[in-house]
Every structure is written in structure tokens, then in C-alpha cells.
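Trainee: My structure is below; once you've seen it, I'll send some questions.
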Amino acid sequence: MEHRIGYACINTSIDATTNKTCRLGNCTDERLRQLIHSNLSGLKEVISWNNRHNIFLYRVSSVIIPFASHEVNKIQWWEEFKDDFEEIGKLIKNTQMRVSMHPGQYVNINSNSPEIVKSSLKELDWHAKFLDSLNLDSTHRLIFHTGGVYGDKTEAKRRFIKEYKNIPENIKARLTLENDDKSYNVQDVLNIHQKTGIPIVFDILHHQVNNTGKKIDDDLESILKLCFATWNDKTGIPKIHYSTQRPGARPGMHADSINIDEFIKFYLKFKNLDFDIMFETKNKEKSVLEVYKRLSN
DNA sequence: AAACGTCAAGTTCCG
DNA sequence: CGGAACTTGACGTTT
């Protein structure tokens with residue numbers, strides 16, 4: 001079974017970057033065009049590098065289009081850079097790469113404030129547009145979290161489900177919910193899946209620091225299978241996030257590297273299941289290469 | 001050239 | 001109540 005293993009956003013082995021940005025105060029159309037052009041070139045280089053190193057899973061940075069959902073950015077980037085998007089999209093498809101994006105903490109579709117729900121949708125919209133512009137199918141996912149609790153989780157969950165159902169189809173087709181490290185544990189998101197059909201990315205470190213404490217959460221194999229069952233042909237092979245707790249740091253904080261021994265143990269135990277693995281570490285692609293090296297020995 | 005304070009946004013936790 | 005942290009450090013000014 002081919003398990004893809006990948007990393008998020010930054011390649012520390014090469015100079016190419018997808019993360020150039022500017023300050024709101026000095027943001028001009030020309031500057032934005034330059035930045036977008038530079039970031040897309042960086043993306044091309046990173047994808048090529050990934051392919052040469054047999055890495056076929058990659059998260060595209062959310063700062064690749066600076067101020068994408070802010071009114072200061074009026075660039076029709078999906079039109080102006082159509083050729084670049086087409087080229088990168090082909091590169092991704094030809095190399096069987098799977099990409100994802102992970103909109104950040106400002107997406108809270110269950111917020112009490114209609115304004116924040118609106119800006120959350122704007123944020124989701126441009127991410128979907130980015131992947132759509134690459135002509136990628138819905139196995140290339142948008143990962144996000146449930147949002148805040150606002151003092152009443154049952155009510156906040158109910159709002160999430162209600163708002164989710166109103167999201168435009170092109171966005172919903174890619175949305176994927178991840179268990180988080182503080183508020184919504186894997187049981188919460190599985191429960192939301194039952195009401196919405198949204199697939200679940202299982203984050204193993206978040207699960208370690210945020211679970212029900214009951215027996216049900218000790219059985220990793222059952223949980224993996226439950227999460228994997230939320231995926232289908234349209235949404236693609238199930239996916240997990242894997243990272244190691246930074247020693248001595250706040251629970252949930254990522255270590256510099258994957259703990260290779262622990263990961264190999266985990267991998268050997270579950271490799272009969274079909275799933276992709278996104279590493280979240282400070283050393284990025286280096287953890288993937290280290291694991292490759294170890295697995296080939 | 002290196003060092004350092006600051007940067008669009010929301011929410012939560014910690015001190 | 002202020003600051004840090006989060007999926008992700010980079011910019012711009014000063015030394």
C-alpha cells in the first residue's frame with residue numbers, strides 16, 4: 001500500500017518561498033502582483049522539488065495570496081495568473097501529488113457574530129478558488145477547525161451544522177474537519193460528521209492532548225477506522241495529521257522533528273490501512289526524508 | 001548585515 | 001485584563 005507522507009507550507013532545503021507578503025500600509029496593486037507572481041513561482045519550485053524527492057503530499061500556505069480576503073486586494077489573481085495556475089495544476093496532476101490548504105484561526109463559521117461568519121466564508125471562498133483555479137478535483141482538501149465554543153458547546157455545534165449546510169457547494173466539496181487541541185475532540189467532530197457528512201482529518205497530537213478521557217478514546221485503531229469511514233471516492237483517501245509533542249512545552253505544541261522511533265511503531269501497526277499522513281514539524285520536509293531513510297533500511 | 005519590534009482578522013488560556 | 005499561541009515567519013526600520 002502506498003502511503004503518501006507530506007509536510008506543510010515551507011521547504012527548508014531550498015530558497016524558494018511561497019510566503020512573501022507585505023504590510024497593509026504599503027500594499028499596492030503592483031506590489032501584490034509581484035508577490036503573487038513570486039509566490040506562485042515558489043510553489044512551482046517546491047512542487048518540483050517534492051516530486052524529485054518522492055514526496056506526494058503537500059500543504060499550500062495560506063499566505064500564498066497576500067491579503068486574499070481583504071478589500072485591499074482587488075487583484076483578479078485567478079485570471080491574471082491563469083497560465084501559472086494551469087501549469088502548476090498540471091504539474092500536480094502529472095506527479096500524482098495531493099495538495100491541501102489549511103485556512104487559519106480567523107475562520108469561525110459558528111461565531112455569534114454574523115460579521116465574523118461572513119468573513120470566515122470569504123476566507124474559505126478564496127481558498128476553494130485557489131484549488132479550483134489549479135483544476136484539481138475534490139480529493140485536494142481544505143482543512144479547518146470547528147471554531148469557538150462561546151460558553152456553550154452544544155449550541156456552538158448546532159450553529160456550526162446550520163452554517164455548514166449553507167456553504168456554497170464548490171467550497172463544501174473540499175471542506176474537511178479536524179479535531180483540535182482545545183475545544184472539539186475527535187468524538188465531537190465525528191458527531192458533527194454524522195449530521196453533515198463532512199470528512200474528518202484525525203490529528204494524533206490533538207487527540208493526545210484533547211480527548212474525552214474515556215475508554216473509547218484509548219482505542220486508536222477504532223478511532224482511525226471511524227475517521228477513515230468518513231471519506232469516500234469523491235473526497236479521496238483518508239488523511240491524518242501526525243506530529244510529536246515538543247518536550248516541556250505547552251501540550252499540543254509541535255516538536256522540531258517527528259519522533260522517528262514512535263512514528264515507525266505507529267506506521268507499522270496501521271500500515272495495512274489506506275491513508276495519507278501529513279507531518280507537522282518545524283523541520284518540515286526533513287522529517288519526511290528521515291522517515292523514508294528509516295523505512296528503506 | 002544583523003537585530004529586533006511589529007504585523008488583517010478571532011478565540012481561548014494563562015498569569 | 002494583557003499577552004501569547006494558533007495552520008504558517010516575514011517585513012521594515014534601526015543599529
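In the C-alpha cells, chains take the letters A, B, ... in the order shown, each chain's residues start at 1, and ligands count up from 1 in the order shown.
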Show me, as CSV, the residues of chain B having an atom within 8 Å of chain A, each with the closest atom pair and its distance in Å, using only C-alpha atoms (C1' of nucleotides).
Mentor:
residue,atom,partner,partner_atom,distance
B:DC7,C1',A:Arg23,CA,6.8
B:DA8,C1',A:His70,CA,7.3
B:DA9,C1',A:Tyr106,CA,5.8
B:DG10,C1',A:Tyr106,CA,5.2
B:DT11,C1',A:Gly148,CA,6.1
Trainee: Selected residues, N, CA and C atoms (P, O5', C5', C4', C3', O3' and C1' of nucleotides), written as a PDB file, in the first residue's frame, please.
Mentor:
ATOM      1  P    DC B   7       1.914  46.847  14.619  1.00  0.00           P
ATOM      2  O5'  DC B   7       1.514  45.964  13.350  1.00  0.00           O
ATOM      3  C5'  DC B   7       2.013  46.293  12.048  1.00  0.00           C
ATOM      4  C4'  DC B   7       1.951  45.059  11.180  1.00  0.00           C
ATOM      5  C3'  DC B   7       0.566  44.428  11.125  1.00  0.00           C
ATOM      6  O3'  DC B   7       0.214  44.247   9.759  1.00  0.00           O
ATOM      7  C1'  DC B   7       2.203  42.803  11.601  1.00  0.00           C
ATOM      8  P    DA B   8      -0.945  45.161   9.265  1.00  0.00           P
ATOM      9  O5'  DA B   8      -2.143  44.240   9.691  1.00  0.00           O
ATOM     10  C5'  DA B   8      -3.018  43.682   8.699  1.00  0.00           C
ATOM     11  C4'  DA B   8      -4.393  43.863   9.241  1.00  0.00           C
ATOM     12  C3'  DA B   8      -4.602  43.221  10.607  1.00  0.00           C
ATOM     13  O3'  DA B   8      -5.766  43.804  11.207  1.00  0.00           O
ATOM     14  C1'  DA B   8      -5.601  41.900   8.915  1.00  0.00           C
ATOM     15  P    DA B   9      -6.140  43.298  12.698  1.00  0.00           P
ATOM     16  O5'  DA B   9      -7.239  42.178  12.435  1.00  0.00           O
ATOM     17  C5'  DA B   9      -8.461  42.526  11.811  1.00  0.00           C
ATOM     18  C4'  DA B   9      -9.307  41.286  11.672  1.00  0.00           C
ATOM     19  C3'  DA B   9      -9.390  40.456  12.948  1.00  0.00           C
ATOM     20  O3'  DA B   9     -10.701  39.945  13.053  1.00  0.00           O
ATOM     21  C1'  DA B   9      -8.539  39.132  11.217  1.00  0.00           C
ATOM     22  P    DG B  10     -11.456  39.995  14.427  1.00  0.00           P
ATOM     23  O5'  DG B  10     -11.465  38.444  14.748  1.00  0.00           O
ATOM     24  C5'  DG B  10     -12.203  37.559  13.932  1.00  0.00           C
ATOM     25  C4'  DG B  10     -12.460  36.283  14.694  1.00  0.00           C
ATOM     26  C3'  DG B  10     -13.105  36.480  16.065  1.00  0.00           C
ATOM     27  O3'  DG B  10     -13.949  35.362  16.297  1.00  0.00           O
ATOM     28  C1'  DG B  10     -10.914  35.594  16.334  1.00  0.00           C
ATOM     29  P    DT B  11     -14.795  35.241  17.639  1.00  0.00           P
ATOM     30  O5'  DT B  11     -13.881  34.317  18.540  1.00  0.00           O
ATOM     31  C5'  DT B  11     -13.651  32.973  18.120  1.00  0.00           C
ATOM     32  C4'  DT B  11     -12.744  32.303  19.113  1.00  0.00           C
ATOM     33  C3'  DT B  11     -13.184  32.414  20.572  1.00  0.00           C
ATOM     34  O3'  DT B  11     -13.430  31.101  21.028  1.00  0.00           O
ATOM     35  C1'  DT B  11     -10.861  32.855  20.324  1.00  0.00           C
TER      36       DT B  11
END
Trainee: Using only C-alpha atoms (C1' of nucleotides), determine which residues lie at most 10 Å from C:DT14, disregarding the query and same-chain residues fewer than 2 positions distant; provide the list as a list in words.
Mentor: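 With the cut-off at 10 Å, the set is DA3, DC4 and DG5 of chain B; DG12 of chain C.
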Trainee: Residues of chain C that approach chain A to 12 Å or less, counting only C-alpha atoms (C1' of nucleotides): could you list each one with the shortest pair of atoms and its distance in Å to one decimal, rows by chain and increasing residue number, as CSV?
Mentor:
residue,atom,partner,partner_atom,distance
C:DA4,C1',A:Arg250,CA,11.4
C:DA5,C1',A:Met253,CA,9.3
C:DC6,C1',A:Gln105,CA,6.5
C:DT7,C1',A:His102,CA,5.6
C:DT8,C1',A:Ser61,CA,6.5
C:DG9,C1',A:Asn19,CA,8.6
C:DA10,C1',A:Lys20,CA,6.9
C:DC11,C1',A:Cys22,CA,6.4
C:DG12,C1',A:Arg23,CA,9.1
Trainee: Between atom CA of A:Pro251 and atom CA of A:Thr18, what is the distance, to one decimal in Å?
Mentor: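 Separation of atom CA of A:Pro251 and atom CA of A:Thr18: 29.0 Å.
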Trainee: What parts of stretch 173-269 of chain A does DSSP call alpha helix (DSSP H)? I'd like the answer as a ChimeraX atom specification.
Mentor: /A:186-196,204-209,220-228,260-269
Trainee: Would you please extract all strand (DSSP E or B) residues from stretch 2-133 of chain A, as assigned by DSSP on the backbone, and give them as an MDAnalysis selection string?
Mentor: chainID A and resid 5:8 57:60 98:101
Trainee: Could you state the separation of atom CA of A:Lys157 and atom CA of A:Asp188 in Å, given to one decimal place?
Mentor: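 Separation between atom CA of A:Lys157 and atom CA of A:Asp188: 8.5 Å.
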Trainee: Atom CA of A:Arg4 and atom CA of A:Glu45, how far apart in Å?
Mentor: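 Those two atoms sit 19.5 Å apart.
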Trainee: Using only C-alpha atoms (C1' of nucleotides), determine which residues lie at most 8 Å from A:Asp276, disregarding the query and same-chain residues fewer than 3 positions distant; provide the list as JSON, numbers by chain.
Mentor: {"A": [3, 4, 5, 57, 237, 238, 239, 240]}
Trainee: For A:Asn191, please output as a PyMOL selection string all residues within 12 Å (counting only C-alpha atoms (C1' of nucleotides); exclusion window: fewer than 5 positions along the same chain).
Mentor: chain A and resi 146+154+157-158+160-161+177+179+184-186+196-200+226-227+230
Trainee: For the selection just defined, write its residues with N, CA, C and O atoms to a file, as a PDB file, in the first residue's frame.
Mentor:
ATOM      1  N   THR A 146     -13.562  23.448  13.921  1.00  0.00           N
ATOM      2  CA  THR A 146     -14.968  23.727  14.154  1.00  0.00           C
ATOM      3  C   THR A 146     -15.197  25.191  14.522  1.00  0.00           C
ATOM      4  O   THR A 146     -16.185  25.782  14.110  1.00  0.00           O
ATOM      5  N   THR A 154     -22.761  22.753  22.972  1.00  0.00           N
ATOM      6  CA  THR A 154     -23.903  22.168  22.255  1.00  0.00           C
ATOM      7  C   THR A 154     -24.491  23.176  21.278  1.00  0.00           C
ATOM      8  O   THR A 154     -24.757  22.863  20.108  1.00  0.00           O
ATOM      9  N   LYS A 157     -22.007  23.929  18.425  1.00  0.00           N
ATOM     10  CA  LYS A 157     -22.020  22.827  17.461  1.00  0.00           C
ATOM     11  C   LYS A 157     -23.229  22.945  16.546  1.00  0.00           C
ATOM     12  O   LYS A 157     -23.140  22.739  15.342  1.00  0.00           O
ATOM     13  N   ARG A 158     -24.363  23.248  17.172  1.00  0.00           N
ATOM     14  CA  ARG A 158     -25.594  23.384  16.406  1.00  0.00           C
ATOM     15  C   ARG A 158     -25.449  24.496  15.354  1.00  0.00           C
ATOM     16  O   ARG A 158     -25.853  24.352  14.201  1.00  0.00           O
ATOM     17  N   PHE A 160     -22.628  25.517  14.056  1.00  0.00           N
ATOM     18  CA  PHE A 160     -21.695  25.041  13.027  1.00  0.00           C
ATOM     19  C   PHE A 160     -22.444  24.257  11.950  1.00  0.00           C
ATOM     20  O   PHE A 160     -22.279  24.484  10.756  1.00  0.00           O
ATOM     21  N   ILE A 161     -23.295  23.325  12.413  1.00  0.00           N
ATOM     22  CA  ILE A 161     -24.013  22.455  11.482  1.00  0.00           C
ATOM     23  C   ILE A 161     -24.946  23.275  10.591  1.00  0.00           C
ATOM     24  O   ILE A 161     -25.011  23.079   9.381  1.00  0.00           O
ATOM     25  N   LEU A 177     -12.983  18.486   8.284  1.00  0.00           N
ATOM     26  CA  LEU A 177     -12.936  18.951   9.669  1.00  0.00           C
ATOM     27  C   LEU A 177     -11.876  18.189  10.459  1.00  0.00           C
ATOM     28  O   LEU A 177     -11.751  16.976  10.339  1.00  0.00           O
ATOM     29  N   ASN A 179     -10.069  17.437  14.305  1.00  0.00           N
ATOM     30  CA  ASN A 179     -10.168  17.561  15.755  1.00  0.00           C
ATOM     31  C   ASN A 179      -9.088  18.526  16.257  1.00  0.00           C
ATOM     32  O   ASN A 179      -7.951  18.475  15.790  1.00  0.00           O
ATOM     33  N   TYR A 184     -12.786  21.047  20.349  1.00  0.00           N
ATOM     34  CA  TYR A 184     -13.580  19.983  19.729  1.00  0.00           C
ATOM     35  C   TYR A 184     -12.722  18.740  19.517  1.00  0.00           C
ATOM     36  O   TYR A 184     -11.868  18.708  18.641  1.00  0.00           O
ATOM     37  N   ASN A 185     -12.953  17.728  20.352  1.00  0.00           N
ATOM     38  CA  ASN A 185     -12.173  16.492  20.253  1.00  0.00           C
ATOM     39  C   ASN A 185     -12.715  15.601  19.144  1.00  0.00           C
ATOM     40  O   ASN A 185     -13.684  15.953  18.469  1.00  0.00           O
ATOM     41  N   VAL A 186     -12.092  14.451  18.975  1.00  0.00           N
ATOM     42  CA  VAL A 186     -12.454  13.612  17.823  1.00  0.00           C
ATOM     43  C   VAL A 186     -13.895  13.118  17.922  1.00  0.00           C
ATOM     44  O   VAL A 186     -14.581  12.946  16.910  1.00  0.00           O
ATOM     45  N   THR A 196     -23.568  16.036   9.110  1.00  0.00           N
ATOM     46  CA  THR A 196     -23.229  16.837   7.926  1.00  0.00           C
ATOM     47  C   THR A 196     -22.594  16.037   6.799  1.00  0.00           C
ATOM     48  O   THR A 196     -22.595  16.487   5.656  1.00  0.00           O
ATOM     49  N   GLY A 197     -21.993  14.903   7.114  1.00  0.00           N
ATOM     50  CA  GLY A 197     -21.273  14.137   6.095  1.00  0.00           C
ATOM     51  C   GLY A 197     -19.865  14.633   5.846  1.00  0.00           C
ATOM     52  O   GLY A 197     -19.149  14.079   5.012  1.00  0.00           O
ATOM     53  N   ILE A 198     -19.451  15.664   6.560  1.00  0.00           N
ATOM     54  CA  ILE A 198     -18.120  16.227   6.350  1.00  0.00           C
ATOM     55  C   ILE A 198     -17.031  15.219   6.774  1.00  0.00           C
ATOM     56  O   ILE A 198     -17.128  14.625   7.842  1.00  0.00           O
ATOM     57  N   PRO A 199     -16.018  14.984   5.919  1.00  0.00           N
ATOM     58  CA  PRO A 199     -14.967  14.041   6.291  1.00  0.00           C
ATOM     59  C   PRO A 199     -14.054  14.574   7.393  1.00  0.00           C
ATOM     60  O   PRO A 199     -13.920  15.789   7.568  1.00  0.00           O
ATOM     61  N   ILE A 200     -13.447  13.653   8.126  1.00  0.00           N
ATOM     62  CA  ILE A 200     -12.653  14.003   9.303  1.00  0.00           C
ATOM     63  C   ILE A 200     -11.172  13.693   9.099  1.00  0.00           C
ATOM     64  O   ILE A 200     -10.793  12.563   8.787  1.00  0.00           O
ATOM     65  N   LEU A 226     -13.054   4.726  12.391  1.00  0.00           N
ATOM     66  CA  LEU A 226     -14.240   5.589  12.361  1.00  0.00           C
ATOM     67  C   LEU A 226     -13.988   6.834  11.506  1.00  0.00           C
ATOM     68  O   LEU A 226     -14.827   7.231  10.695  1.00  0.00           O
ATOM     69  N   CYS A 227     -12.809   7.442  11.688  1.00  0.00           N
ATOM     70  CA  CYS A 227     -12.474   8.645  10.907  1.00  0.00           C
ATOM     71  C   CYS A 227     -12.324   8.299   9.433  1.00  0.00           C
ATOM     72  O   CYS A 227     -12.801   9.034   8.560  1.00  0.00           O
ATOM     73  N   THR A 230     -15.301   8.163   7.162  1.00  0.00           N
ATOM     74  CA  THR A 230     -15.986   9.406   6.787  1.00  0.00           C
ATOM     75  C   THR A 230     -15.575   9.874   5.388  1.00  0.00           C
ATOM     76  O   THR A 230     -16.065  10.887   4.901  1.00  0.00           O
TER      77      THR A 230
END
Trainee: Could you pull the residues within 8 Å of A:Arg246, counting only C-alpha atoms (C1' of nucleotides), minus those fewer than 6 positions along the same chain, as a VMD selection string?
Mentor: chain A and resid 252 to 256
Trainee: Grab the residues selected above and save them as a PDB file, in the first residue's frame with all heavy atoms.
Mentor:
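Produced file selection.pdb, reproduced below:
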ATOM      1  N   GLY A 252       0.358  20.112  23.025  1.00  0.00           N
ATOM      2  CA  GLY A 252      -0.152  20.386  21.689  1.00  0.00           C
ATOM      3  C   GLY A 252       0.848  21.102  20.809  1.00  0.00           C
ATOM      4  O   GLY A 252       0.667  21.211  19.605  1.00  0.00           O
ATOM      5  N   MET A 253       1.916  21.610  21.417  1.00  0.00           N
ATOM      6  CA  MET A 253       2.917  22.324  20.638  1.00  0.00           C
ATOM      7  C   MET A 253       3.799  21.341  19.872  1.00  0.00           C
ATOM      8  O   MET A 253       4.231  20.333  20.406  1.00  0.00           O
ATOM      9  CB  MET A 253       3.774  23.188  21.557  1.00  0.00           C
ATOM     10  CG  MET A 253       4.460  24.300  20.814  1.00  0.00           C
ATOM     11  SD  MET A 253       5.010  25.572  21.954  1.00  0.00           S
ATOM     12  CE  MET A 253       5.906  26.624  20.812  1.00  0.00           C
ATOM     13  N   HIS A 254       4.036  21.667  18.609  1.00  0.00           N
ATOM     14  CA  HIS A 254       4.801  20.776  17.741  1.00  0.00           C
ATOM     15  C   HIS A 254       6.287  20.786  18.074  1.00  0.00           C
ATOM     16  O   HIS A 254       6.874  21.839  18.280  1.00  0.00           O
ATOM     17  CB  HIS A 254       4.645  21.185  16.269  1.00  0.00           C
ATOM     18  CG  HIS A 254       3.235  21.091  15.786  1.00  0.00           C
ATOM     19  ND1 HIS A 254       2.726  21.905  14.805  1.00  0.00           N
ATOM     20  CD2 HIS A 254       2.228  20.280  16.145  1.00  0.00           C
ATOM     21  CE1 HIS A 254       1.462  21.592  14.576  1.00  0.00           C
ATOM     22  NE2 HIS A 254       1.128  20.614  15.390  1.00  0.00           N
ATOM     23  N   ALA A 255       6.877  19.591  18.067  1.00  0.00           N
ATOM     24  CA  ALA A 255       8.323  19.488  18.235  1.00  0.00           C
ATOM     25  C   ALA A 255       9.020  19.846  16.924  1.00  0.00           C
ATOM     26  O   ALA A 255       8.393  19.948  15.887  1.00  0.00           O
ATOM     27  CB  ALA A 255       8.682  18.070  18.660  1.00  0.00           C
ATOM     28  N   ASP A 256      10.332  20.035  17.008  1.00  0.00           N
ATOM     29  CA  ASP A 256      11.103  20.361  15.806  1.00  0.00           C
ATOM     30  C   ASP A 256      11.002  19.251  14.773  1.00  0.00           C
ATOM     31  O   ASP A 256      10.967  19.497  13.581  1.00  0.00           O
ATOM     32  CB  ASP A 256      12.589  20.573  16.162  1.00  0.00           C
ATOM     33  CG  ASP A 256      12.791  21.888  16.886  1.00  0.00           C
ATOM     34  OD1 ASP A 256      11.908  22.756  16.795  1.00  0.00           O
ATOM     35  OD2 ASP A 256      13.839  22.032  17.549  1.00  0.00           O
TER      36      ASP A 256
END
